[in-house]
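Accompanying notes for the structure given below.
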Amino acid sequence: PLNDEQSRYLNIIRYSSESLLSIINDILDFSKIEAQKMVLENIDFNLLALLEDFADLVGLRAAEKGLEYAWSLDPTVPLYLRGDPGRIRQMLTNLVGNSLKFTTSGTLSVMVSRVPDPGDAIALQIEVRDTGIGIAESDLGKVFAPFEQGDSSTTRKFGGTGLGLTITRQLVGLMNGEISARSQVGVGTSFVLTLKLGPAAHATASAVVMGDTPVASMEGVRVLVVDDFDVSRLSLLSQLRQMGLAAEGVSGANDAVSALKSARAQKRPFRVVLIAQNLPDDDGEALGRRIRENQSDADTALIMCVSAGFRGDAQRFAQAGFAAYLHKPIRQSLLQDCLSRVLSPVSPGPAQDHVLLTAHSLAEAIRYANRLLVVEDNAINMMVVQGLLGKLGYRDLEKARDGLQAVEAVSKGRYDLILMDCQMPKLDGYAATRRLREMGVKTPIVAMTAHALSGEREKCLEAGMDDYLSKPLSLGSLRECLLRWLGGQSASVGP
């Protein structure tokens, strides 16, 4: 446990270290590209998982500044693609980080769609839009130049090396794409880039994604989304419709009340209402209370959607009659799990005493249901991995000291995921993985290796592993990996 002063000092050290690391990485990437030594990966990846992982980090950073972040993925875009997900994430980080830096109020959004391509490639268009300070038209040409910012007077105020956008432009070029910017001073800026990717060679090898297909129990259920942020509302509507729900959206509290009244009159009431906390004509909590006051809507489940939560919110929302409380942007797997629970016939009604469903409680239920096998021969490393998994809420863990023990454990039991060290006595991680795949084991296997050399990831994937973590493990990368493979999964994956 840390006192306030210790916590403050350690946070300063951490933020300073991360800033320094970011500068070093930018310079190394820039020099690598300039020397034409940058090599892109060409692997299968899940675009939805990438966007959700990215949103977990960016949404929190945006909320800390009082901003709202949302992303949307057009239904015409394939979820499973082939390319370099790490570099795509880097480009998003650079563009959204730039927007965060220069935006003090309003919104940030990432919109992904597909554009026609004369060849066989899948051409993605990614737009990053903000409501920041904007860039004068005369300065737009400078923003992609190295060590430059649009307005040199902003350098002292906002800092930065001026390399992020330059590296992004160069990475886009390596992917046979283009990038452009448009902006208006005082209104905001929009960066639009296109990337040419391929279809995934093996879509089934990608991470499990909930919501790809309609869920029978939700088919045709009417849901109302109340959110004035267009990108957020349209993204939620798209996700709900893909689940088979009959979803409609409005932008304000008064429109929501009118929609509910009209639906009752048509004898087609809404079963669920998802409400954004901040609305132009009323706040979400007040709207929830208005809906609860009408006995005709007593069977309608209310879900509060917030950009940033505070201590005491859950209790207050429960008292206002909400069935659940989720953070935006909402992970598709959590949204589906939440809706399944609030629509369940055994769920308590809104007027009864009940425990409010939250992203934390839903994720905890998933974590406690998952069983993990950790294969590691070093006792200290094993202790570190166990500690990190414990922090993330995973309790059902089994240990193996080498590849032979791992093969024996899997032949006797069922696991949802295997964390596999690569360098071990008796039977190393590569050989153990090959043997498990020969046995027909489909369980996701994630490599843990200290080797950072080029080609190591490919070696792991060729052995039959599904993902790759570099040592020393960080809490953030481990969390993202587990969410990628176990995000909405509660049933064990056996051999």
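Following the order of the structure tokens, chains are lettered A, B, ..., residues in each are numbered from 1, and ligands are numbered from 1.
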inquiry  = Taking 2 positions as the minimum chain separation for residues in the same chain, which residues sit within 9 Å of region 69-76 of chain A when counting only C-alpha atoms? Answer as an MDAnalysis selection string.
reply    = chainID A and resid 48 51:52 55 58:60 62:63 67 78:79 107:114 229 231:232 234:236 238:239 242 307 328:329
key: Selection: 9 Å around Val115 (chain A), only C-alpha atoms, excl. self and same-chain fewer than 5 positions, as a list in words   =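 Listed by chain and then number, they are Ile122, Ala123, Leu124, Gln125 and Thr194 of chain A.
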Could you turn the residues from that selection into a file that holds all heavy atoms, as a CSV table (one decimal), in the first residue's frame?
chain,number,residue,atom,x,y,z
A,122,ILE,N,-8.3,-5.4,-49.5
A,122,ILE,CA,-9.4,-4.8,-48.7
A,122,ILE,C,-8.9,-3.4,-48.3
A,122,ILE,O,-7.9,-3.2,-47.5
A,122,ILE,CB,-9.7,-5.6,-47.4
A,122,ILE,CG1,-10.2,-7.0,-47.9
A,122,ILE,CG2,-10.7,-4.9,-46.5
A,122,ILE,CD1,-10.3,-8.0,-46.7
A,123,ALA,N,-9.5,-2.3,-48.8
A,123,ALA,CA,-9.1,-1.0,-48.6
A,123,ALA,C,-9.9,-0.4,-47.4
A,123,ALA,O,-11.1,-0.2,-47.5
A,123,ALA,CB,-9.2,-0.1,-49.8
A,124,LEU,N,-9.2,-0.2,-46.3
A,124,LEU,CA,-9.8,0.4,-45.1
A,124,LEU,C,-9.6,1.9,-45.2
A,124,LEU,O,-8.6,2.4,-45.5
A,124,LEU,CB,-9.2,-0.1,-43.9
A,124,LEU,CG,-9.4,-1.5,-43.4
A,124,LEU,CD1,-8.9,-1.7,-42.0
A,124,LEU,CD2,-10.9,-1.9,-43.5
A,125,GLN,N,-10.7,2.7,-44.8
A,125,GLN,CA,-10.5,4.1,-44.5
A,125,GLN,C,-10.8,4.3,-43.1
A,125,GLN,O,-11.8,3.9,-42.5
A,125,GLN,CB,-11.6,4.9,-45.3
A,125,GLN,CG,-11.5,6.4,-45.1
A,125,GLN,CD,-12.5,7.2,-45.9
A,125,GLN,OE1,-12.2,7.4,-47.1
A,125,GLN,NE2,-13.5,7.7,-45.3
A,194,THR,N,-6.0,5.8,-45.6
A,194,THR,CA,-6.5,4.5,-46.3
A,194,THR,C,-5.3,3.5,-46.2
A,194,THR,O,-4.2,3.9,-46.3
A,194,THR,CB,-6.9,4.7,-47.7
A,194,THR,OG1,-5.8,5.3,-48.5
A,194,THR,CG2,-8.1,5.7,-47.8
task = Using only C-alpha atoms, find the one residue out of A:Leu397, A:Ala314, A:Ile12, A:Leu392 that sits nearest to Arg479 (chain A).
result = A:Leu392
request  = Pick out the residues sitting within 6 Å of Asp466 (chain A), and hand them over as a ChimeraX atom specification; count only C-alpha atoms, and ignore anything fewer than 4 positions along from it in its own chain.
outcome  = /A:444-446
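For the choices A:Val384, A:Leu436, A:Met420, A:Ala324, the atom-to-atom distance to Ser474 (chain A) is smallest for A:Val384 when using only C-alpha atoms.
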message = Can you tell me which residues surround Asn94 (chain A) at a distance of at most 9 Å, considering only C-alpha atoms, apart from same-chain residues fewer than 5 positions away, and format the answer as JSON, numbers by chain?
response = {"A": [89, 99, 164, 165, 167, 168]}
Next, the residues of the selection above should be written as a PDB file, in the first residue's frame with N, CA, C and O atoms.
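again32.pdb written:
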ATOM      1  N   ARG A  89      -2.051  -0.119 -34.879  1.00  0.00           N
ATOM      2  CA  ARG A  89      -2.290   0.431 -33.538  1.00  0.00           C
ATOM      3  C   ARG A  89      -1.390   1.643 -33.290  1.00  0.00           C
ATOM      4  O   ARG A  89      -1.816   2.632 -32.694  1.00  0.00           O
ATOM      5  N   SER A  99      -4.733  14.228 -31.219  1.00  0.00           N
ATOM      6  CA  SER A  99      -6.034  14.840 -30.948  1.00  0.00           C
ATOM      7  C   SER A  99      -6.225  15.112 -29.459  1.00  0.00           C
ATOM      8  O   SER A  99      -6.739  16.161 -29.069  1.00  0.00           O
ATOM      9  N   GLY A 164       5.419  12.092 -34.521  1.00  0.00           N
ATOM     10  CA  GLY A 164       4.292  11.150 -34.565  1.00  0.00           C
ATOM     11  C   GLY A 164       3.583  11.123 -35.901  1.00  0.00           C
ATOM     12  O   GLY A 164       3.346  10.054 -36.478  1.00  0.00           O
ATOM     13  N   LEU A 165       3.231  12.291 -36.433  1.00  0.00           N
ATOM     14  CA  LEU A 165       2.512  12.342 -37.709  1.00  0.00           C
ATOM     15  C   LEU A 165       3.424  11.976 -38.872  1.00  0.00           C
ATOM     16  O   LEU A 165       2.973  11.384 -39.856  1.00  0.00           O
ATOM     17  N   ILE A 167       5.916   9.751 -38.785  1.00  0.00           N
ATOM     18  CA  ILE A 167       6.010   8.286 -38.767  1.00  0.00           C
ATOM     19  C   ILE A 167       4.716   7.666 -39.280  1.00  0.00           C
ATOM     20  O   ILE A 167       4.735   6.694 -40.046  1.00  0.00           O
ATOM     21  N   THR A 168       3.590   8.235 -38.882  1.00  0.00           N
ATOM     22  CA  THR A 168       2.299   7.726 -39.354  1.00  0.00           C
ATOM     23  C   THR A 168       2.214   7.810 -40.872  1.00  0.00           C
ATOM     24  O   THR A 168       1.800   6.850 -41.546  1.00  0.00           O
TER      25      THR A 168
END
